[in-house]
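Q: For reference, this is input.csv, and it has CSV, C-alpha atoms and all ligand atoms.
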chain,number,residue,atom,x,y,z
A,1,MET,CA,99.5,99.7,103.0
A,2,SER,CA,101.3,103.1,103.3
A,3,VAL,CA,101.3,105.5,106.3
A,4,HIS,CA,98.1,107.2,105.1
A,5,ILE,CA,96.5,104.9,102.6
A,6,GLY,CA,95.1,101.5,103.7
A,7,ALA,CA,95.2,99.8,100.3
A,8,SER,CA,97.2,96.7,99.1
A,9,LYS,CA,99.5,96.8,96.1
A,10,GLY,CA,97.3,96.5,92.9
A,11,ASP,CA,94.2,98.0,94.6
A,12,ILE,CA,94.8,101.4,93.0
A,13,ALA,CA,94.8,102.1,89.2
A,14,GLU,CA,97.6,103.8,87.3
A,15,THR,CA,95.2,106.7,86.7
A,16,ILE,CA,93.6,108.5,89.6
A,17,LEU,CA,91.2,111.5,89.9
A,18,LEU,CA,92.0,113.6,92.9
A,19,PRO,CA,89.5,116.0,94.4
A,20,GLY,CA,90.3,117.8,97.6
A,21,ASP,CA,87.0,116.7,99.1
A,22,PRO,CA,86.7,113.0,100.0
A,23,LEU,CA,82.9,113.1,99.5
A,24,ARG,CA,83.5,114.3,95.9
A,25,ALA,CA,85.6,111.2,95.5
A,26,LYS,CA,82.7,109.1,96.8
A,27,TRP,CA,80.3,110.9,94.5
A,28,ILE,CA,82.6,110.3,91.5
A,29,ALA,CA,82.9,106.6,92.2
A,30,GLU,CA,79.1,106.2,92.8
A,31,THR,CA,78.1,108.3,89.8
A,32,PHE,CA,80.7,107.2,87.1
A,33,PHE,CA,82.4,103.9,88.1
A,34,GLU,CA,81.3,100.5,87.4
A,35,ASN,CA,81.7,98.2,90.5
A,36,PRO,CA,83.5,100.7,92.7
A,37,ILE,CA,85.4,99.3,95.7
A,38,CYS,CA,86.5,101.5,98.6
A,39,PHE,CA,90.3,101.1,99.2
A,40,ASN,CA,90.8,103.8,101.8
A,41,GLU,CA,89.0,105.1,104.9
A,42,ILE,CA,92.1,106.2,106.9
A,43,ARG,CA,91.4,109.8,108.2
A,44,GLY,CA,88.1,109.7,106.3
A,45,MET,CA,90.1,110.3,103.0
A,46,LEU,CA,87.9,108.0,101.0
A,47,GLY,CA,89.4,106.3,97.9
A,48,TYR,CA,87.8,104.0,95.4
A,49,THR,CA,88.8,101.9,92.4
A,50,GLY,CA,86.4,100.7,89.7
A,51,THR,CA,86.2,100.8,85.9
A,52,TYR,CA,85.0,103.5,83.5
A,53,GLN,CA,84.0,102.2,80.0
A,54,GLY,CA,86.0,99.1,80.9
A,55,LYS,CA,89.2,100.8,82.0
A,56,LYS,CA,90.5,100.5,85.5
A,57,VAL,CA,90.5,103.9,87.3
A,58,SER,CA,90.6,105.2,90.9
A,59,THR,CA,89.6,108.3,92.8
A,60,MET,CA,90.6,109.6,96.2
A,61,GLY,CA,90.4,112.8,98.3
A,62,THR,CA,93.6,114.7,99.0
A,63,GLY,CA,92.4,117.2,101.6
A,64,MET,CA,93.1,120.9,101.3
A,65,GLY,CA,96.5,122.5,100.7
A,66,ILE,CA,99.8,121.6,99.3
A,67,PRO,CA,101.1,119.7,102.4
A,68,SER,CA,98.1,117.3,102.4
A,69,MET,CA,98.2,116.9,98.6
A,70,SER,CA,101.9,116.2,98.7
A,71,ILE,CA,101.6,113.4,101.3
A,72,TYR,CA,99.0,111.6,99.2
A,73,ALA,CA,100.7,112.2,95.9
A,74,ASN,CA,104.0,110.8,97.3
A,75,GLU,CA,102.4,107.7,98.7
A,76,LEU,CA,100.3,107.0,95.6
A,77,ILE,CA,103.3,107.2,93.3
A,78,LYS,CA,106.0,105.5,95.5
A,79,GLU,CA,103.9,102.9,97.2
A,80,PHE,CA,101.2,102.2,94.7
A,81,GLY,CA,102.8,102.8,91.3
A,82,VAL,CA,100.3,105.5,90.2
A,83,LYS,CA,101.4,107.2,86.9
A,84,ASN,CA,98.7,109.7,86.0
A,85,LEU,CA,97.5,112.0,88.8
A,86,ILE,CA,94.6,114.2,87.8
A,87,ARG,CA,93.4,116.8,90.2
A,88,VAL,CA,89.7,117.6,89.9
A,89,GLY,CA,89.1,120.7,92.1
A,90,SER,CA,87.1,123.8,92.7
A,91,ALA,CA,88.7,127.2,92.2
A,92,GLY,CA,87.9,130.9,92.6
A,93,SER,CA,87.9,133.1,89.4
A,94,TYR,CA,90.4,136.0,89.2
A,95,GLN,CA,89.1,137.2,85.8
A,96,LYS,CA,85.8,138.8,84.8
A,97,ASP,CA,85.5,136.5,81.7
A,98,ILE,CA,86.0,133.3,83.8
A,99,LYS,CA,82.6,132.5,85.1
A,100,ILE,CA,81.0,130.2,87.7
A,101,ARG,CA,81.1,126.5,86.4
A,102,ASP,CA,83.7,127.3,83.7
A,103,VAL,CA,86.3,124.5,83.4
A,104,VAL,CA,90.0,125.6,83.6
A,105,LEU,CA,93.0,123.5,82.7
A,106,ALA,CA,96.0,124.5,84.8
A,107,MET,CA,98.9,124.7,82.3
A,108,ALA,CA,101.1,126.1,85.1
A,109,ALA,CA,100.7,126.8,88.8
A,110,SER,CA,102.1,129.8,90.5
A,111,SER,CA,102.1,129.7,94.3
A,112,THR,CA,102.3,131.6,97.6
A,113,SER,CA,103.5,128.4,99.3
A,114,GLY,CA,107.1,128.4,100.6
A,115,VAL,CA,107.6,124.7,99.7
A,116,ASN,CA,109.5,125.1,96.5
A,117,GLU,CA,111.4,128.1,97.7
A,118,LEU,CA,112.8,125.9,100.4
A,119,ARG,CA,113.4,123.0,98.0
A,120,PHE,CA,115.3,125.1,95.5
A,121,GLY,CA,117.2,127.3,97.9
A,122,GLY,CA,115.3,130.5,97.2
A,123,ALA,CA,115.2,130.1,93.4
A,124,ASP,CA,111.9,129.9,91.4
A,125,TYR,CA,110.7,126.6,90.1
A,126,ALA,CA,107.8,126.6,87.6
A,127,PRO,CA,105.4,123.7,88.3
A,128,THR,CA,103.7,122.7,85.0
A,129,ALA,CA,101.2,120.3,83.7
A,130,ASP,CA,102.2,117.2,81.8
A,131,PHE,CA,102.0,118.1,78.1
A,132,GLY,CA,100.5,114.7,77.1
A,133,LEU,CA,97.7,114.7,79.7
A,134,PHE,CA,97.1,118.4,78.8
A,135,MET,CA,96.7,117.7,75.1
A,136,LYS,CA,94.5,114.6,75.8
A,137,ALA,CA,92.2,116.7,78.0
A,138,VAL,CA,91.9,119.5,75.4
A,139,GLU,CA,91.0,116.9,72.8
A,140,ALA,CA,88.5,115.1,75.1
A,141,ALA,CA,86.8,118.4,76.0
A,142,LYS,CA,86.6,119.3,72.3
A,143,ALA,CA,85.0,115.9,71.4
A,144,MET,CA,82.4,116.3,74.2
A,145,GLN,CA,81.8,120.0,73.3
A,146,ILE,CA,82.8,121.2,76.8
A,147,PRO,CA,84.3,124.7,76.6
A,148,ILE,CA,87.5,125.1,78.5
A,149,LYS,CA,90.0,127.8,79.4
A,150,ALA,CA,93.6,127.1,80.0
A,151,GLY,CA,96.5,129.0,81.6
A,152,ASN,CA,98.4,129.9,84.8
A,153,VAL,CA,96.6,129.4,88.1
A,154,LEU,CA,97.5,130.3,91.7
A,155,SER,CA,98.0,127.6,94.3
A,156,SER,CA,97.5,129.6,97.5
A,157,ASP,CA,98.4,128.7,101.0
A,158,GLU,CA,95.5,130.8,102.2
A,159,PHE,CA,91.7,130.5,101.6
A,160,TYR,CA,90.9,133.5,103.8
A,161,GLU,CA,93.3,136.3,102.7
A,162,ASP,CA,93.9,139.2,105.0
A,163,ASN,CA,93.7,141.6,102.1
A,164,ILE,CA,90.7,140.7,99.8
A,165,GLU,CA,92.1,142.9,97.1
A,166,SER,CA,95.4,141.0,96.8
A,167,TYR,CA,94.0,138.8,94.0
A,168,LYS,CA,94.3,141.8,91.7
A,169,LYS,CA,98.1,141.6,91.4
A,170,TRP,CA,97.8,138.0,90.1
A,171,SER,CA,94.9,138.9,87.9
A,172,LYS,CA,96.9,141.7,86.2
A,173,PHE,CA,99.6,139.1,85.3
A,174,GLY,CA,97.0,136.8,83.7
A,175,VAL,CA,96.5,134.3,86.4
A,176,LEU,CA,93.0,132.8,85.8
A,177,CYS,CA,91.9,131.5,89.2
A,178,VAL,CA,93.0,130.4,92.6
A,179,GLU,CA,93.0,126.9,94.3
A,180,MET,CA,95.3,125.3,96.8
A,181,GLU,CA,97.1,122.2,95.5
A,182,ALA,CA,98.1,122.1,91.8
A,183,ALA,CA,101.7,123.5,92.4
A,184,GLY,CA,102.4,120.8,95.0
A,185,LEU,CA,101.0,118.1,92.8
A,186,TYR,CA,102.9,119.2,89.7
A,187,THR,CA,106.2,119.3,91.7
A,188,VAL,CA,105.8,115.9,93.3
A,189,ALA,CA,104.9,114.3,89.9
A,190,ALA,CA,107.9,115.9,88.2
A,191,LYS,CA,110.2,114.7,91.0
A,192,HIS,CA,109.1,111.1,90.4
A,193,ASN,CA,108.8,111.4,86.6
A,194,VAL,CA,105.1,110.7,86.4
A,195,ASN,CA,102.3,112.7,84.9
A,196,ALA,CA,99.9,115.3,86.5
A,197,LEU,CA,97.2,117.7,85.4
A,198,ALA,CA,94.8,119.9,87.4
A,199,ILE,CA,91.3,120.3,85.9
A,200,LEU,CA,89.4,122.9,87.8
A,201,THR,CA,85.8,124.1,88.0
A,202,ILE,CA,85.0,127.7,89.0
A,203,SER,CA,83.0,127.6,92.2
A,204,ASP,CA,83.1,131.3,93.1
A,205,SER,CA,84.4,134.6,91.7
A,206,LEU,CA,86.7,137.0,93.5
A,207,VAL,CA,85.7,139.5,90.9
A,208,THR,CA,81.9,139.4,91.2
A,209,GLY,CA,81.4,137.8,94.7
A,210,GLU,CA,79.2,135.0,93.3
A,211,ARG,CA,79.5,131.6,94.9
A,212,THR,CA,78.1,128.0,94.7
A,213,THR,CA,77.0,126.0,97.7
A,214,SER,CA,79.0,123.2,99.4
A,215,LYS,CA,76.6,120.6,98.1
A,216,GLU,CA,77.1,121.9,94.5
A,217,ARG,CA,80.9,121.7,95.0
A,218,GLU,CA,80.5,118.1,96.2
A,219,THR,CA,78.2,116.8,93.5
A,220,THR,CA,77.6,118.9,90.4
A,221,PHE,CA,80.9,119.6,88.7
A,222,LYS,CA,80.4,116.8,86.1
A,223,ASN,CA,82.2,118.3,83.1
A,224,MET,CA,85.6,118.3,84.7
A,225,ILE,CA,85.1,114.7,85.8
A,226,LYS,CA,84.0,113.6,82.3
A,227,ILE,CA,87.2,115.1,80.9
A,228,GLY,CA,89.4,113.5,83.7
A,229,LEU,CA,87.9,110.1,83.1
A,230,GLU,CA,88.8,110.2,79.4
A,231,LEU,CA,92.5,110.3,80.5
A,232,ALA,CA,92.3,106.8,82.0
A,301,LIG,O1,87.4,121.6,95.8
A,301,LIG,P1,88.8,121.2,96.1
A,301,LIG,O2,89.4,120.2,95.3
A,301,LIG,O3,89.0,120.9,97.6
A,301,LIG,O4,89.8,122.5,95.9
A,301,LIG,C1,89.6,123.8,96.4
A,301,LIG,O5,88.7,123.9,97.5
A,301,LIG,C2,89.4,123.9,98.8
A,301,LIG,C3,89.0,125.2,99.5
A,301,LIG,O6,87.6,125.3,99.7
A,301,LIG,C4,90.8,123.8,98.5
A,301,LIG,O7,91.2,122.4,98.5
A,301,LIG,C5,90.9,124.3,97.0
A,301,LIG,O8,92.0,123.9,96.3
A,302,LIG,O1,91.0,127.7,97.0
A,302,LIG,C1,90.0,128.2,96.6
A,302,LIG,C2,89.0,127.4,96.0
A,302,LIG,C3,87.8,128.0,95.6
A,302,LIG,N1,87.6,129.3,95.7
A,302,LIG,C4,88.6,130.1,96.3
A,302,LIG,O2,88.4,131.3,96.4
A,302,LIG,N2,89.7,129.5,96.7
Show this structure as structure tokens.
Ligand SMILES: O=P(O)(O)O[C@H]1O[C@H](CO)[C@@H](O)[C@H]1O
Ligand SMILES: O=c1cc[nH]c(=O)[nH]1
A:
Amino acid sequence: MSVHIGASKGDIAETILLPGDPLRAKWIAETFFENPICFNEIRGMLGYTGTYQGKKVSTMGTGMGIPSMSIYANELIKEFGVKNLIRVGSAGSYQKDIKIRDVVLAMAASSTSGVNELRFGGADYAPTADFGLFMKAVEAAKAMQIPIKAGNVLSSDEFYEDNIESYKKWSKFGVLCVEMEAAGLYTVAAKHNVNALAILTISDSLVTGERTTSKERETTFKNMIKIGLELA
């Protein structure tokens, strides 16, 4: 048991799918896993282990934002030996050709968070996806005929921006979409020499103003989960 995860050693698989929303983790376990067992209820951050096509796999919520993600990623790696951390999250589109329900692989994650600026004494660090997981995800998506986009995303510290136009500066530099955790996950994984990838589904568009409901974000983003499960 670690500070925030009430599991025993061996309860968590080497590969874990990490949505921000703990109820999405419950839905993933109940929809895709054979024989899911709940290993964590501390703070309501539900975590489950089961099998998928015979392979042991886990899923757990991480909460919202880089600080929350970083706590869980650190404990999963250091206390439970997790090797492949796959974020499965929702994101807001920054580009007109990235549409609601599109799947985006985050090759790199820019950020408005001050975490890495502090860590690297004001220098820039470029948090990037693990190349092996990235290539496996591309191949899995191709085999399942799931269209994907890939590129730089923004991990923001703010969901509600003061200036709603501020996305345009990122958009002009090719950033595809915004979420709130990938940069933290990639950095913690790199520090501990394990693998991480963020697979995102577009839940809303900053460009058009379209959005999905909370229930849809919890339970309908199947394609990214199917890709993530192929990485176990
Ligand atoms: O759907 P999840 O995985 O929570 O991801 C996105 O949704 C939350 C904001 O609504 C943030 O955590 C953001 O990164
Ligand atoms: O962080 C997020 C996630 C989804 N949509 C957004 O606009 N921001």
Q: Please give me, as a ChimeraX atom specification, the residues lying within 10 Å of ligand LIG 302 (chain A) when counting only C-alpha atoms and all ligand atoms.
A: /A:20,64-65,89-94,154-161,167,177-181,200-206,209,211-212,217
Q: Could you check which of A:Ile42, A:Ile5, A:Leu18, A:Ala137 is closest to ligand LIG 301 (chain A), using all atoms listed in the file?
A: A:Leu18
Q: Would you mind telling me which residue in A:Gln95, A:Asn74, A:Asn40, A:Asn35 lies nearest to His192 in chain A when using all atoms listed in the file?
A: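 Using all atoms listed in the file, His192 in chain A sits closest to A:Asn74.
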Q: Measuring atom to atom with only C-alpha atoms, identify which of A:Ile98, A:Leu76, A:Val138, A:Ala198 is nearest to Glu210 in chain A.
A: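 The answer is A:Ile98, which sits nearest to Glu210 in chain A.
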Q: With all atoms listed in the file as the counted atoms, please give the residues lying no more than 12 Å from Phe134 in chain A, apart from itself and same-chain residues fewer than 5 positions off, as a PyMOL selection string.
A: chain A and resi 84-86+104-108+128-129+139-141+148-151+195-199+227-228+230-231
Q: Pick the closest to Met224 in chain A from A:Val207, A:Ile16, A:Val103, A:Val194: which is it, counting all atoms listed in the file?
A: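 Residue with the minimum atom-to-atom distance to Met224 in chain A: A:Val103.
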Q: Taking into account all atoms listed in the file, which residue in the set A:Lys55, A:Leu23, A:Asp102, A:Phe39 is nearest to ligand LIG 301 (chain A)?
A: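 Using all atoms listed in the file, the shortest distance to ligand LIG 301 (chain A) belongs to A:Leu23.
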Q: Mind giving me the straight-line distance from CA of Lys169 in chain A to CA of Asp97 in chain A in Å, one decimal?
A: 16.7 Å
Q: I'd like the neighbourhood of Glu14 in chain A as number ranges by chain, where a residue qualifies if any of its atoms comes within 10 Å (using all atoms listed in the file), though same-chain residues fewer than 3 positions away should be ignored.
A: A: 10-11, 56-58, 76-77, 80-85, 232
Q: Grab the atom C3 of ligand LIG 301 (chain A) to CA of Met69 in chain A distance for me, in Å with one decimal place.
A: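 Taking atom C3 of ligand LIG 301 (chain A) and CA of Met69 in chain A, their separation equals 12.4 Å.
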Q: Determine, counting all atoms listed in the file, which protein, DNA and RNA residues have an atom within 9 Å of an atom of range 24-33 of chain A; residues of the same chain fewer than 6 positions away are not included. Present the result as a list in words.
A: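 Once the nearby chain positions are removed, what remains is Leu17, Leu18, Met45, Leu46, Gly47, Tyr48, Thr49, Gly50, Thr51, Tyr52, Gln53, Val57, Ser58, Thr59, Met60, Gly61, Arg217, Glu218, Thr219, Lys222, Ile225, Lys226 and Leu229 of chain A.
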Q: With C-alpha atoms retained, export the selected residues as a PDB file, keeping the file's coordinate frame.
A:
ATOM      1  CA  LEU A  17      91.200 111.500  89.900  1.00  0.00           C
ATOM      2  CA  LEU A  18      92.000 113.600  92.900  1.00  0.00           C
ATOM      3  CA  MET A  45      90.100 110.300 103.000  1.00  0.00           C
ATOM      4  CA  LEU A  46      87.900 108.000 101.000  1.00  0.00           C
ATOM      5  CA  GLY A  47      89.400 106.300  97.900  1.00  0.00           C
ATOM      6  CA  TYR A  48      87.800 104.000  95.400  1.00  0.00           C
ATOM      7  CA  THR A  49      88.800 101.900  92.400  1.00  0.00           C
ATOM      8  CA  GLY A  50      86.400 100.700  89.700  1.00  0.00           C
ATOM      9  CA  THR A  51      86.200 100.800  85.900  1.00  0.00           C
ATOM     10  CA  TYR A  52      85.000 103.500  83.500  1.00  0.00           C
ATOM     11  CA  GLN A  53      84.000 102.200  80.000  1.00  0.00           C
ATOM     12  CA  VAL A  57      90.500 103.900  87.300  1.00  0.00           C
ATOM     13  CA  SER A  58      90.600 105.200  90.900  1.00  0.00           C
ATOM     14  CA  THR A  59      89.600 108.300  92.800  1.00  0.00           C
ATOM     15  CA  MET A  60      90.600 109.600  96.200  1.00  0.00           C
ATOM     16  CA  GLY A  61      90.400 112.800  98.300  1.00  0.00           C
ATOM     17  CA  ARG A 217      80.900 121.700  95.000  1.00  0.00           C
ATOM     18  CA  GLU A 218      80.500 118.100  96.200  1.00  0.00           C
ATOM     19  CA  THR A 219      78.200 116.800  93.500  1.00  0.00           C
ATOM     20  CA  LYS A 222      80.400 116.800  86.100  1.00  0.00           C
ATOM     21  CA  ILE A 225      85.100 114.700  85.800  1.00  0.00           C
ATOM     22  CA  LYS A 226      84.000 113.600  82.300  1.00  0.00           C
ATOM     23  CA  LEU A 229      87.900 110.100  83.100  1.00  0.00           C
TER      24      LEU A 229
END
Q: Nearest to ligand LIG 301 (chain A): which of A:Ala143, A:Val153, A:Asn163, A:Phe173 is it, counting all atoms listed in the file?
A: A:Val153
Q: How many Å lie between CA of Asn152 in chain A and CA of Trp170 in chain A, rounded to one decimal?
A: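 Answer for the CA of Asn152 in chain A to CA of Trp170 in chain A separation: 9.7 Å.
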Q: Residues around (102.9, 107.0, 109.1), cut-off 12 Å, counting all atoms listed in the file - what are they as a JSON list (two decimals) with C-alpha atoms, keeping the file's coordinate frame?
A:
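Final file, out-v1.json:
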[["chain", "number", "residue", "atom", "x", "y", "z"],
["A", 1, "MET", "CA", 99.50, 99.70, 103.00],
["A", 2, "SER", "CA", 101.30, 103.10, 103.30],
["A", 3, "VAL", "CA", 101.30, 105.50, 106.30],
["A", 4, "HIS", "CA", 98.10, 107.20, 105.10],
["A", 5, "ILE", "CA", 96.50, 104.90, 102.60],
["A", 6, "GLY", "CA", 95.10, 101.50, 103.70],
["A", 42, "ILE", "CA", 92.10, 106.20, 106.90],
["A", 43, "ARG", "CA", 91.40, 109.80, 108.20],
["A", 71, "ILE", "CA", 101.60, 113.40, 101.30],
["A", 72, "TYR", "CA", 99.00, 111.60, 99.20],
["A", 75, "GLU", "CA", 102.40, 107.70, 98.70]]
Q: Since the input has fewer atoms than a full residue there, write range 163-177 of chain A out with N, CA and C atoms, as an mmCIF file, keeping the file's coordinate frame.
A:
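Final output, saved to out35.cif:
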data_model
loop_
_atom_site.group_PDB
_atom_site.id
_atom_site.type_symbol
_atom_site.label_atom_id
_atom_site.label_comp_id
_atom_site.auth_asym_id
_atom_site.auth_seq_id
_atom_site.Cartn_x
_atom_site.Cartn_y
_atom_site.Cartn_z
ATOM 1 N N ASN A 163 94.012 140.492 102.950
ATOM 2 C CA ASN A 163 93.700 141.600 102.100
ATOM 3 C C ASN A 163 92.856 141.036 100.871
ATOM 4 N N ILE A 164 91.550 141.294 100.860
ATOM 5 C CA ILE A 164 90.700 140.700 99.800
ATOM 6 C C ILE A 164 90.989 141.236 98.419
ATOM 7 N N GLU A 165 91.739 142.323 98.371
ATOM 8 C CA GLU A 165 92.100 142.900 97.100
ATOM 9 C C GLU A 165 93.367 142.284 96.487
ATOM 10 N N SER A 166 94.038 141.430 97.261
ATOM 11 C CA SER A 166 95.400 141.000 96.800
ATOM 12 C C SER A 166 95.311 140.107 95.569
ATOM 13 N N TYR A 167 94.111 139.594 95.243
ATOM 14 C CA TYR A 167 94.000 138.800 94.000
ATOM 15 C C TYR A 167 94.338 139.624 92.770
ATOM 16 N N LYS A 168 94.172 140.958 92.887
ATOM 17 C CA LYS A 168 94.300 141.800 91.700
ATOM 18 C C LYS A 168 95.725 141.790 91.119
ATOM 19 N N LYS A 169 96.737 141.604 91.976
ATOM 20 C CA LYS A 169 98.100 141.600 91.400
ATOM 21 C C LYS A 169 98.310 140.346 90.559
ATOM 22 N N TRP A 170 97.703 139.221 90.938
ATOM 23 C CA TRP A 170 97.800 138.000 90.100
ATOM 24 C C TRP A 170 96.970 138.137 88.864
ATOM 25 N N SER A 171 95.803 138.705 89.033
ATOM 26 C CA SER A 171 94.900 138.900 87.900
ATOM 27 C C SER A 171 95.514 139.733 86.801
ATOM 28 N N LYS A 172 96.245 140.780 87.205
ATOM 29 C CA LYS A 172 96.900 141.700 86.200
ATOM 30 C C LYS A 172 97.959 140.936 85.422
ATOM 31 N N PHE A 173 98.558 139.902 86.030
ATOM 32 C CA PHE A 173 99.600 139.100 85.300
ATOM 33 C C PHE A 173 98.986 137.884 84.645
ATOM 34 N N GLY A 174 97.680 137.872 84.468
ATOM 35 C CA GLY A 174 97.000 136.800 83.700
ATOM 36 C C GLY A 174 96.691 135.550 84.372
ATOM 37 N N VAL A 175 96.852 135.502 85.697
ATOM 38 C CA VAL A 175 96.500 134.300 86.400
ATOM 39 C C VAL A 175 94.949 134.154 86.387
ATOM 40 N N LEU A 176 94.466 132.941 86.053
ATOM 41 C CA LEU A 176 93.000 132.800 85.800
ATOM 42 C C LEU A 176 92.191 132.593 87.027
ATOM 43 N N CYS A 177 92.727 131.827 87.989
ATOM 44 C CA CYS A 177 91.900 131.500 89.200
ATOM 45 C C CYS A 177 92.801 130.978 90.287
#
